[in-house]
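Asker: If it helps, the file is called query-v5.txt and holds compact mmCIF, C-alpha atoms:
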```txt
# COMPACT_ATOMS: atom_id res chain seq x y z
CA MET A 1 -4.46 72.20 -3.37
CA LYS A 2 -6.08 69.73 -5.71
CA SER A 3 -3.31 67.19 -5.22
CA ILE A 4 -3.68 67.43 -1.45
CA LEU A 5 -7.38 66.69 -1.79
CA GLN A 6 -6.67 63.66 -3.97
CA PHE A 7 -4.11 62.45 -1.46
CA LYS A 8 -6.64 62.68 1.37
CA ARG A 9 -9.23 60.75 -0.63
CA GLY A 10 -6.73 58.05 -1.41
CA LEU A 11 -5.71 57.81 2.22
CA ILE A 12 -9.31 57.48 3.34
CA ALA A 13 -9.90 54.76 0.75
CA LEU A 14 -6.87 52.85 1.97
CA LEU A 15 -8.00 53.13 5.58
CA CYS A 16 -11.45 51.85 4.64
CA LEU A 17 -9.94 48.86 2.86
CA PHE A 18 -7.72 48.16 5.85
CA PHE A 19 -10.62 48.16 8.32
CA LEU A 20 -12.76 46.07 6.00
CA ALA A 21 -10.01 43.51 5.78
CA GLU A 22 -9.55 43.48 9.54
CA ALA A 23 -13.27 43.15 10.30
CA PRO A 24 -14.02 39.81 11.97
CA ALA A 25 -15.20 37.35 9.40
CA GLN A 26 -18.22 35.21 10.11
CA ASP A 27 -16.99 31.83 11.37
CA SER A 28 -19.10 29.29 9.55
CA GLY A 29 -17.50 26.56 11.59
CA LYS A 30 -19.81 27.46 14.48
CA ASP A 31 -22.90 26.80 12.43
CA GLN A 32 -25.11 24.15 13.88
CA VAL A 33 -25.49 21.24 11.49
CA GLY A 34 -27.34 18.82 13.72
CA GLU A 35 -28.35 17.81 17.22
CA LEU A 36 -27.13 14.92 19.29
CA VAL A 37 -28.77 13.36 22.35
CA THR A 38 -26.74 11.31 24.78
CA THR A 39 -28.51 9.23 27.39
CA LEU A 40 -26.91 7.25 30.18
CA TYR A 41 -28.70 4.03 31.05
CA PHE A 42 -28.26 1.70 33.96
CA ALA A 43 -29.00 -1.86 32.87
CA THR A 44 -29.24 -4.60 35.45
CA ASN A 45 -30.70 -8.01 36.10
CA GLY A 46 -30.91 -7.09 39.75
CA GLU A 47 -32.69 -4.39 41.65
CA ALA A 48 -33.37 -1.36 39.45
CA SER A 49 -33.76 0.89 42.46
CA LEU A 50 -29.98 0.75 42.96
CA ALA A 51 -29.76 3.37 40.23
CA GLY A 52 -30.98 5.97 42.70
CA ALA A 53 -34.12 7.86 43.37
CA SER A 54 -33.61 10.27 40.49
CA ALA A 55 -33.36 7.51 37.86
CA GLN A 56 -36.24 7.36 35.45
CA ASN A 57 -37.93 4.47 33.76
CA VAL A 58 -37.23 3.51 30.19
CA SER A 59 -40.03 3.17 27.70
CA GLU A 60 -40.99 -0.37 26.81
CA GLU A 61 -40.20 0.36 23.20
CA LEU A 62 -36.65 1.37 23.99
CA ALA A 63 -36.17 -1.51 26.40
CA ALA A 64 -37.32 -3.92 23.69
CA ALA A 65 -34.93 -2.32 21.22
CA MET A 66 -32.02 -2.78 23.62
CA ARG A 67 -32.97 -6.36 24.40
CA ARG A 68 -32.83 -7.18 20.68
CA GLU A 69 -29.07 -6.89 20.95
CA LYS A 70 -27.70 -9.89 22.80
CA SER A 71 -24.92 -7.96 24.50
CA LEU A 72 -27.44 -5.49 25.97
CA GLN A 73 -30.01 -7.95 27.24
CA TYR A 74 -30.88 -7.06 30.85
CA LYS A 75 -33.99 -7.35 32.92
CA ASN A 76 -34.27 -3.74 33.98
CA TYR A 77 -33.23 -0.44 32.42
CA LYS A 78 -33.14 2.98 34.03
CA VAL A 79 -32.26 6.40 32.70
CA LEU A 80 -29.62 8.11 34.81
CA GLY A 81 -29.29 11.27 32.75
CA LYS A 82 -29.67 12.86 29.37
CA ASP A 83 -28.03 15.70 27.48
CA GLN A 84 -28.87 17.28 24.15
CA GLN A 85 -26.19 19.27 22.37
CA PRO A 86 -25.76 20.86 18.97
CA VAL A 87 -23.36 19.45 16.40
CA PHE A 88 -21.20 22.20 14.93
CA ARG A 89 -19.93 22.31 11.42
CA SER A 90 -16.24 22.20 12.29
CA TYR A 91 -15.94 22.49 16.07
CA GLU A 92 -16.07 19.77 18.63
CA ASN A 93 -18.65 19.69 21.39
CA TRP A 94 -19.14 17.79 24.61
CA ALA A 95 -22.15 16.06 26.10
CA SER A 96 -22.44 15.37 29.82
CA PRO A 97 -25.51 13.25 30.51
CA LEU A 98 -24.81 13.34 34.25
CA ARG A 99 -24.46 17.12 34.41
CA PRO A 100 -23.09 18.61 36.57
CA SER A 101 -21.12 15.42 37.15
CA GLU A 102 -18.27 14.97 34.70
CA GLU A 103 -17.79 11.32 35.47
CA ILE A 104 -19.04 10.28 32.06
CA LEU A 105 -18.61 12.53 29.04
CA LEU A 106 -18.90 12.20 25.30
CA ARG A 107 -16.83 14.34 22.99
CA PHE A 108 -18.18 14.54 19.48
CA GLU A 109 -17.29 16.30 16.27
CA SER A 110 -18.62 16.07 12.76
CA GLN A 111 -16.24 14.56 10.26
CA GLY A 112 -17.83 15.69 7.05
CA LYS A 113 -20.83 17.19 5.42
CA ALA A 114 -24.13 15.86 6.64
CA LEU A 115 -25.97 13.59 4.27
CA GLU A 116 -29.72 13.39 4.09
CA GLN A 117 -30.12 11.15 7.12
CA SER A 118 -26.62 10.54 8.39
CA MET A 119 -23.36 12.15 9.36
CA ARG A 120 -19.89 10.76 9.94
CA MET A 121 -18.77 11.70 13.43
CA ASP A 122 -15.78 11.39 15.67
CA LEU A 123 -16.88 10.14 19.09
CA GLU A 124 -14.85 9.85 22.28
CA LEU A 125 -16.00 8.31 25.53
CA TRP A 126 -14.39 9.76 28.65
CA LEU A 127 -14.72 8.04 32.01
CA SER A 128 -13.35 9.66 35.15
CA ARG A 129 -11.41 12.13 32.98
CA GLU A 130 -9.72 9.43 30.98
CA LYS A 131 -10.38 8.74 27.33
CA MET A 132 -11.58 5.17 27.04
CA MET A 133 -12.61 4.94 23.42
CA LYS A 134 -12.43 6.83 20.18
CA ALA A 135 -14.67 5.89 17.30
CA ASP A 136 -15.12 7.19 13.78
CA ARG A 137 -18.68 6.28 12.96
CA VAL A 138 -21.58 7.16 10.72
CA LEU A 139 -24.57 8.09 12.85
CA LYS A 140 -28.03 7.88 11.33
CA ILE A 141 -31.16 9.59 12.51
CA ALA A 142 -33.41 7.26 14.52
CA LYS A 143 -30.66 4.67 14.73
CA PRO A 144 -29.04 5.02 18.15
CA LEU A 145 -25.58 3.84 19.02
CA PHE A 146 -25.21 2.13 22.39
CA ILE A 147 -21.81 2.11 24.04
CA GLY A 148 -21.49 -0.56 26.70
CA GLY A 149 -19.40 0.95 29.47
CA PRO A 150 -18.24 -0.06 32.93
CA ASP A 151 -20.05 -2.14 35.51
CA TRP A 152 -21.69 -0.37 38.43
CA ARG A 153 -23.76 -1.69 41.31
CA GLY A 154 -24.20 -5.10 39.76
CA GLY A 155 -25.33 -3.71 36.45
CA LYS A 156 -23.80 -2.00 33.47
CA LEU A 157 -23.72 1.62 32.38
CA ILE A 158 -24.74 2.09 28.77
CA LEU A 159 -24.37 5.36 26.92
CA GLY A 160 -26.90 5.89 24.17
CA VAL A 161 -25.90 8.28 21.39
CA GLU A 162 -28.53 9.36 18.89
CA LEU A 163 -28.53 11.90 16.11
CA ILE A 164 -31.97 13.48 16.26
CA SER A 165 -31.75 16.12 13.57
CA LEU A 166 -29.65 17.45 10.72
CA LYS A 167 -29.69 20.86 9.11
CA MET B 168 39.26 -57.43 -63.27
CA LYS B 169 41.38 -54.57 -62.09
CA PRO B 170 44.39 -55.77 -60.16
CA ASP B 171 45.09 -54.16 -56.84
CA LYS B 172 47.96 -51.87 -56.22
CA GLN B 173 50.19 -54.48 -54.64
CA THR B 174 49.68 -56.83 -57.57
CA LEU B 175 50.55 -54.08 -59.98
CA GLN B 176 53.65 -53.30 -57.96
CA SER B 177 54.67 -56.97 -58.11
CA TRP B 178 54.01 -56.99 -61.84
CA MET B 179 56.24 -53.95 -62.29
CA ASN B 180 58.94 -55.64 -60.25
CA GLY B 181 58.68 -58.81 -62.40
CA ASP B 182 57.64 -60.96 -59.54
CA LEU B 183 54.43 -62.28 -61.11
CA SER B 184 54.14 -65.49 -63.06
CA GLY B 185 51.59 -67.87 -64.36
CA GLU B 186 47.95 -67.09 -64.25
CA ALA B 187 48.48 -63.89 -62.20
CA LEU B 188 50.94 -62.56 -64.72
CA HIS B 189 48.56 -63.37 -67.55
CA THR B 190 45.64 -61.63 -65.85
CA VAL B 191 47.61 -58.47 -65.13
CA GLU B 192 49.05 -58.23 -68.59
CA LYS B 193 45.59 -58.63 -70.05
CA TRP B 194 44.24 -55.79 -67.87
CA VAL B 195 47.22 -53.58 -68.67
CA SER B 196 46.74 -54.07 -72.40
CA GLU B 197 43.12 -53.03 -72.11
CA ASN B 198 43.62 -50.12 -69.61
CA THR B 199 46.78 -48.46 -70.62
CA GLN B 200 45.67 -44.92 -69.75
CA GLU B 201 44.51 -45.85 -66.30
CA LEU B 202 47.81 -47.55 -65.62
CA GLU B 203 49.66 -44.42 -66.60
CA GLU B 204 47.59 -42.32 -64.22
CA MET B 205 48.24 -44.71 -61.40
CA LEU B 206 51.94 -44.65 -62.09
CA ASN B 207 51.88 -40.82 -62.15
CA TRP B 208 50.13 -40.67 -58.79
CA ASP B 209 52.64 -42.97 -57.34
CA GLN B 210 55.46 -40.88 -58.71
CA THR B 211 53.85 -37.67 -57.35
CA SER B 212 53.45 -39.21 -53.96
CA GLN B 213 57.01 -40.37 -54.01
CA MET B 214 58.23 -36.93 -54.96
CA LEU B 215 56.21 -35.27 -52.21
CA ARG B 216 57.51 -37.66 -49.62
CA GLU B 217 61.05 -36.99 -50.70
CA ASN B 218 60.78 -33.17 -50.74
CA ILE B 219 58.49 -32.24 -47.78
CA VAL B 220 59.92 -32.25 -44.31
CA PRO B 221 58.10 -34.61 -42.03
CA GLU B 222 55.77 -33.06 -39.42
CA GLN B 223 57.68 -31.68 -36.50
CA ASP B 224 56.44 -30.18 -33.23
CA PRO B 225 57.62 -26.66 -32.55
CA PRO B 226 59.88 -26.03 -29.61
CA TYR B 227 57.92 -25.98 -26.32
CA PRO B 228 54.82 -27.42 -28.01
CA ASP B 229 52.58 -27.19 -24.92
CA PHE B 230 53.27 -23.49 -24.50
CA PHE B 231 52.81 -22.91 -28.21
CA HIS B 232 49.47 -24.71 -28.34
CA HIS B 233 48.28 -22.95 -25.22
CA LYS B 234 49.00 -19.55 -26.74
CA ILE B 235 47.25 -20.57 -29.93
CA ARG B 236 44.12 -21.65 -28.03
CA GLN B 237 44.18 -18.46 -25.95
CA SER B 238 44.39 -16.34 -29.10
CA ILE B 239 41.47 -18.21 -30.63
CA GLU B 240 39.35 -17.73 -27.51
CA GLU B 241 40.09 -14.02 -27.22
CA GLU B 242 39.56 -13.24 -30.83
CA PRO B 243 35.73 -12.94 -30.89
CA ARG B 244 35.67 -10.59 -27.86
CA SER B 245 38.35 -8.35 -29.12
CA TYR B 246 36.65 -8.34 -32.46
CA ASP B 247 33.35 -7.17 -30.94
CA SER B 248 34.98 -4.48 -28.84
CA GLU B 249 37.19 -3.22 -31.61
CA LYS B 250 34.67 -3.56 -34.35
CA LYS B 251 32.79 -0.47 -33.11
CA THR B 252 34.87 2.60 -33.08
CA PRO B 253 34.10 5.34 -30.49
CA GLU B 254 32.27 7.24 -33.19
CA LEU B 255 30.16 4.23 -33.98
CA ARG B 256 29.41 3.65 -30.32
CA ASP B 257 28.39 7.29 -29.78
CA HIS B 258 26.27 7.13 -32.83
CA SER B 259 24.45 4.02 -31.67
CA ALA B 260 23.88 5.53 -28.18
CA ASN B 261 22.53 8.70 -29.69
CA SER B 262 20.30 6.70 -31.91
CA LEU B 263 18.94 4.76 -28.94
CA TRP B 264 18.40 7.99 -26.99
CA SER B 265 16.62 9.58 -29.91
CA ARG B 266 14.34 6.59 -30.20
CA MET B 267 13.59 6.52 -26.45
CA ARG B 268 13.05 10.22 -25.91
CA TYR B 269 9.48 10.05 -27.17
CA LEU B 270 8.73 7.47 -24.49
CA TRP B 271 9.95 9.56 -21.55
CA ALA B 272 6.82 11.70 -21.22
CA PRO B 273 4.26 8.86 -21.14
CA ALA B 274 6.61 6.84 -18.93
CA ALA B 275 6.82 9.73 -16.45
CA VAL B 276 3.05 10.14 -16.42
CA ALA B 277 2.60 6.43 -15.86
CA ALA B 278 5.11 6.46 -13.02
CA MET B 279 3.37 9.40 -11.35
CA THR B 280 0.03 7.64 -11.64
CA VAL B 281 1.44 4.50 -10.09
CA CYS B 282 3.02 6.49 -7.25
CA PHE B 283 -0.23 8.35 -6.60
CA TYR B 284 -2.20 5.11 -6.51
CA ALA B 285 0.37 3.49 -4.23
CA GLY B 286 0.20 6.50 -1.92
CA THR B 287 -3.55 6.24 -1.58
CA GLN B 288 -3.28 2.54 -0.89
CA MET B 289 -0.63 3.03 1.75
CA SER B 290 -2.78 5.62 3.52
CA SER B 291 -5.75 3.26 3.59
CA SER B 292 -3.76 0.34 4.87
CA THR B 293 -2.30 2.42 7.71
CA THR B 294 -5.75 3.36 8.92
CA GLY B 295 -6.85 -0.23 8.82
CA SER B 296 -3.99 -1.52 10.91
CA ALA B 297 -4.59 1.14 13.57
CA ASP B 298 -8.19 0.04 13.79
CA LEU B 299 -7.27 -3.57 14.26
CA ALA B 300 -4.82 -2.64 16.99
CA GLY B 301 -7.47 -0.64 18.75
CA LEU B 302 -10.00 -3.42 18.56
CA GLY B 303 -7.68 -5.80 20.28
CA GLY B 304 -8.83 -8.72 18.16
CA ALA B 305 -12.53 -8.06 18.58
CA SER B 306 -14.98 -8.22 15.75
CA ALA B 307 -15.00 -5.12 13.58
CA SER B 308 -17.77 -3.36 11.75
CA GLN B 309 -17.51 -1.89 8.30
CA THR B 310 -19.02 1.38 9.51
CA ALA B 311 -17.00 1.92 12.67
CA GLU B 312 -13.36 2.46 13.42
CA ILE B 313 -12.54 2.01 17.07
CA TYR B 314 -9.46 3.05 18.97
CA VAL B 315 -9.07 2.07 22.61
CA PRO B 316 -6.15 3.89 24.20
CA GLN B 317 -6.27 2.18 27.59
CA GLY B 318 -4.28 -1.00 28.06
CA GLY B 319 -6.32 -4.08 28.82
CA VAL B 320 -9.44 -2.59 27.27
CA SER B 321 -10.88 -3.91 24.04
CA ALA B 322 -14.00 -3.27 22.01
CA SER B 323 -16.55 -5.27 20.12
CA VAL B 324 -18.85 -3.78 17.53
CA TYR B 325 -22.29 -5.13 16.74
CA GLU B 326 -24.69 -3.84 14.17
CA ASN B 327 -28.31 -4.37 13.27
CA GLU B 328 -30.92 -2.37 11.41
CA GLN B 329 -32.30 -0.61 14.48
CA SER B 330 -29.13 0.22 16.37
CA GLY B 331 -25.40 -0.15 16.68
CA VAL B 332 -23.48 -1.34 19.70
CA ILE B 333 -19.91 -0.78 20.79
CA LEU B 334 -19.17 -2.97 23.76
CA LEU B 335 -16.09 -2.13 25.81
CA HIS B 336 -14.42 -4.98 27.65
CA GLY B 337 -11.96 -4.76 30.50
CA LEU B 338 -13.10 -1.45 31.93
CA GLU B 339 -12.60 -0.98 35.63
CA ALA B 340 -15.90 -1.14 37.45
CA ILE B 341 -17.12 2.03 39.10
CA PRO B 342 -17.26 1.57 42.89
CA ASP B 343 -20.77 0.84 44.10
CA ALA B 344 -20.42 3.42 46.81
CA MET B 345 -19.91 6.16 44.29
CA ASP B 346 -22.99 8.11 43.35
CA ILE B 347 -22.11 8.92 39.80
CA VAL B 348 -25.23 10.97 39.27
CA SER B 349 -24.27 13.55 41.83
CA ALA B 350 -20.49 13.16 41.71
CA ALA B 351 -18.95 16.60 41.98
CA PRO B 352 -16.47 17.74 39.33
CA SER B 353 -12.91 17.34 40.50
CA GLY B 354 -10.27 20.03 40.36
CA LYS B 355 -8.33 18.46 37.52
CA PRO B 356 -7.96 20.51 34.38
CA TYR B 357 -10.73 19.56 32.07
CA PRO B 358 -12.81 21.22 29.37
CA ASN B 359 -15.74 23.17 30.68
CA THR B 360 -18.67 21.36 29.15
CA SER B 361 -21.11 24.15 29.88
CA GLU B 362 -19.39 26.35 27.32
CA MET B 363 -20.10 23.89 24.52
CA VAL B 364 -17.40 25.16 22.21
CA LEU B 365 -14.37 24.08 24.12
CA VAL B 366 -11.35 23.41 22.00
CA LYS B 367 -11.44 25.33 18.78
CA GLN B 368 -9.89 22.79 16.58
CA MET B 369 -10.66 23.26 12.96
CA ASN B 370 -11.95 20.18 11.26
CA PRO B 371 -9.69 19.46 8.29
CA ASN B 372 -12.58 17.89 6.38
CA TYR B 373 -14.02 21.33 5.82
CA LEU B 374 -10.81 23.06 4.85
```
Give the structure from the file, written as structure tokens.
Answerer:
Amino acid sequence: MKSILQFKRGLIALLCLFFLAEAPAQDSGKDQVGELVTTLYFATNGEASLAGASAQNVSEELAAAMRREKSLQYKNYKVLGKDQQPVFRSYENWASPLRPSEEILLRFESQGKALEQSMRMDLELWLSREKMMKADRVLKIAKPLFIGGPDWRGGKLILGVELISLK
Amino acid sequence: MKPDKQTLQSWMNGDLSGEALHTVEKWVSENTQELEEMLNWDQTSQMLRENIVPEQDPPYPDFFHHKIRQSIEEEPRSYDSEKKTPELRDHSANSLWSRMRYLWAPAAVAAMTVCFYAGTQMSSSTTGSADLAGLGGASASQTAEIYVPQGGVSASVYENEQSGVILLHGLEAIPDAMDIVSAAPSGKPYPNTSEMVLVKQMNPNYL
């Protein structure tokens, strides 16, 4: 009788261990380690209204910052769309500044532990469902990366990528 | 004055006369012992000439001399190879091995270190060449590695304190008639961006 009782206790202990082992572990890879903002700009020396009625103006500060770079010097800048997405610890994420349009997308993924003000990231620019560029780059907070893309309506589409926070 | 050998020979043959005879006889009377030695040498030489066979070449002299020269040339080599017996050779090899065996461990460690370093260098150089290929000859930045998969497309990287710029060249222009802001998603298979976590691909940097 006593041995049967001991056997039952042992069996219960084994079952508990089995279920504990099978319990879903917390996936730390989904932890948010930062936030990324992608903004699609339309830069042109022509008529800015060609960007469409929904396009928004760019602040003078940002326009001046873009004009400082010779390759981005245009007369007018418009914002076509913006998307803010979390950066996961070990999973990729996608930003679609023209949501719901998927004409222009940015795939991003952290490539290492975040430093105090920067993070190495893997960036991919997708245009019309085709990967156009892949970059391994260190993004710093308050230091945007501008990706000069295709021409459109006499101007150029520029994708701004900025790391706005790190955790 | 000592007379020469020919004069002495003439004196012994009785061919001298006059002043020459007088001079030789005077020298002989004063150097009797030396004259005896000279006469002995002459007799010895005469005896040797009469009893030793004149120099003769052996039969087939060219062949004989050739074999002699060949033997002389081969002698040092055969001496070196035969000088060490198998036991001696084994002993010397063992001695060399015993001296070298203490060097094997540090030599192996050094070789592994060199291989490890070479491996890291090869990995770095591979990455660099891929970047250059992707840039298509454009200027590169120290902080960016660019890969452009589409043919005919290249990239330039610019950097300043306020921002960074990657400029893509050779992209096909988007048709003006296309309203990219409101373009509807097509039916092609594509990640659903609204789900955020799309392809669960573990990042090896965290593993």
Asker: Go through chain A and flag each residue having an atom no more than 8 Å from chain B; for those, report the closest pair of atoms plus their distance in Å to one decimal, using all atoms listed in the file, ordered by chain and rising number, as JSON lines.
Answerer:
```
{"residue": "A:Gly29", "atom": "CA", "partner": "B:Met369", "partner_atom": "CA", "distance": 7.7}
{"residue": "A:Ala65", "atom": "CA", "partner": "B:Gln329", "partner_atom": "CA", "distance": 7.4}
{"residue": "A:Glu69", "atom": "CA", "partner": "B:Val332", "partner_atom": "CA", "distance": 8.0}
{"residue": "A:Ser71", "atom": "CA", "partner": "B:Leu334", "partner_atom": "CA", "distance": 7.6}
{"residue": "A:Leu80", "atom": "CA", "partner": "B:Val348", "partner_atom": "CA", "distance": 6.9}
{"residue": "A:Gly81", "atom": "CA", "partner": "B:Val348", "partner_atom": "CA", "distance": 7.7}
{"residue": "A:Gln85", "atom": "CA", "partner": "B:Met363", "partner_atom": "CA", "distance": 7.9}
{"residue": "A:Ser90", "atom": "CA", "partner": "B:Asn370", "partner_atom": "CA", "distance": 4.9}
{"residue": "A:Tyr91", "atom": "CA", "partner": "B:Lys367", "partner_atom": "CA", "distance": 6.0}
{"residue": "A:Glu92", "atom": "CA", "partner": "B:Val364", "partner_atom": "CA", "distance": 6.6}
{"residue": "A:Asn93", "atom": "CA", "partner": "B:Met363", "partner_atom": "CA", "distance": 5.4}
{"residue": "A:Trp94", "atom": "CA", "partner": "B:Thr360", "partner_atom": "CA", "distance": 5.8}
{"residue": "A:Ala95", "atom": "CA", "partner": "B:Thr360", "partner_atom": "CA", "distance": 7.0}
{"residue": "A:Ser96", "atom": "CA", "partner": "B:Thr360", "partner_atom": "CA", "distance": 7.1}
{"residue": "A:Leu98", "atom": "CA", "partner": "B:Val348", "partner_atom": "CA", "distance": 5.6}
{"residue": "A:Arg99", "atom": "CA", "partner": "B:Val348", "partner_atom": "CA", "distance": 7.9}
{"residue": "A:Pro100", "atom": "CA", "partner": "B:Ala351", "partner_atom": "CA", "distance": 7.1}
{"residue": "A:Ser101", "atom": "CA", "partner": "B:Ala350", "partner_atom": "CA", "distance": 5.1}
{"residue": "A:Glu102", "atom": "CA", "partner": "B:Pro352", "partner_atom": "CA", "distance": 5.7}
{"residue": "A:Glu103", "atom": "CA", "partner": "B:Ile347", "partner_atom": "CA", "distance": 6.6}
{"residue": "A:Ser110", "atom": "CA", "partner": "B:Asn370", "partner_atom": "CA", "distance": 8.0}
{"residue": "A:Gln111", "atom": "CA", "partner": "B:Asn372", "partner_atom": "CA", "distance": 6.3}
{"residue": "A:Gly112", "atom": "CA", "partner": "B:Asn372", "partner_atom": "CA", "distance": 5.7}
{"residue": "A:Lys113", "atom": "CA", "partner": "B:Tyr373", "partner_atom": "CA", "distance": 8.0}
{"residue": "A:Arg129", "atom": "CA", "partner": "B:Tyr357", "partner_atom": "CA", "distance": 7.5}
{"residue": "A:Lys131", "atom": "CA", "partner": "B:Pro316", "partner_atom": "CA", "distance": 7.2}
{"residue": "A:Met132", "atom": "CA", "partner": "B:Val315", "partner_atom": "CA", "distance": 6.0}
{"residue": "A:Met133", "atom": "CA", "partner": "B:Val315", "partner_atom": "CA", "distance": 4.6}
{"residue": "A:Lys134", "atom": "CA", "partner": "B:Tyr314", "partner_atom": "CA", "distance": 5.0}
{"residue": "A:Ala135", "atom": "CA", "partner": "B:Ile313", "partner_atom": "CA", "distance": 4.4}
{"residue": "A:Asp136", "atom": "CA", "partner": "B:Glu312", "partner_atom": "CA", "distance": 5.1}
{"residue": "A:Arg137", "atom": "CA", "partner": "B:Ala311", "partner_atom": "CA", "distance": 4.7}
{"residue": "A:Val138", "atom": "CA", "partner": "B:Thr310", "partner_atom": "CA", "distance": 6.4}
{"residue": "A:Ala142", "atom": "CA", "partner": "B:Gln329", "partner_atom": "CA", "distance": 7.9}
{"residue": "A:Lys143", "atom": "CA", "partner": "B:Ser330", "partner_atom": "CA", "distance": 5.0}
{"residue": "A:Pro144", "atom": "CA", "partner": "B:Ser330", "partner_atom": "CA", "distance": 5.1}
{"residue": "A:Leu145", "atom": "CA", "partner": "B:Gly331", "partner_atom": "CA", "distance": 4.6}
{"residue": "A:Phe146", "atom": "CA", "partner": "B:Val332", "partner_atom": "CA", "distance": 4.7}
{"residue": "A:Ile147", "atom": "CA", "partner": "B:Ile333", "partner_atom": "CA", "distance": 4.7}
{"residue": "A:Gly148", "atom": "CA", "partner": "B:Leu334", "partner_atom": "CA", "distance": 4.5}
{"residue": "A:Gly149", "atom": "CA", "partner": "B:Leu335", "partner_atom": "CA", "distance": 5.8}
{"residue": "A:Pro150", "atom": "CA", "partner": "B:Ala340", "partner_atom": "CA", "distance": 5.2}
{"residue": "A:Asp151", "atom": "CA", "partner": "B:Ala340", "partner_atom": "CA", "distance": 4.7}
{"residue": "A:Trp152", "atom": "CA", "partner": "B:Ile341", "partner_atom": "CA", "distance": 5.2}
{"residue": "A:Arg153", "atom": "CA", "partner": "B:Asp343", "partner_atom": "CA", "distance": 4.8}
```
Asker: Please report the interatomic distance between CA of Leu72 in chain A and CA of Gln117 in chain A in Å with one decimal.
Answerer: 25.3 Å
Asker: When you draw a straight line from CA of Leu163 in chain A to CA of Leu105 in chain A, how long is it in Å?
Answerer: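 Computed distance, CA of Leu163 in chain A to CA of Leu105 in chain A, equals 16.3 Å.
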Asker: Figure out the distance between CA of Asn57 in chain A and CA of Lys82 in chain A, please, to one decimal in Å.
Answerer: 12.6 Å
Asker: My list of candidates is B:Val191, B:Ala272, B:Ile235, B:Ala278. Which is closest to Gln173 in chain B when distances are computed with only C-alpha atoms?
Answerer: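 Closest to Gln173 in chain B of all the choices is B:Val191.
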Asker: Which residue is closest to Leu36 in chain A? Choose from A:Ser49, A:Ser165, A:Gln56, A:Asn76 and count all atoms listed in the file.
Answerer: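 Counting all atoms listed in the file, the residue closest to Leu36 in chain A is A:Ser165.
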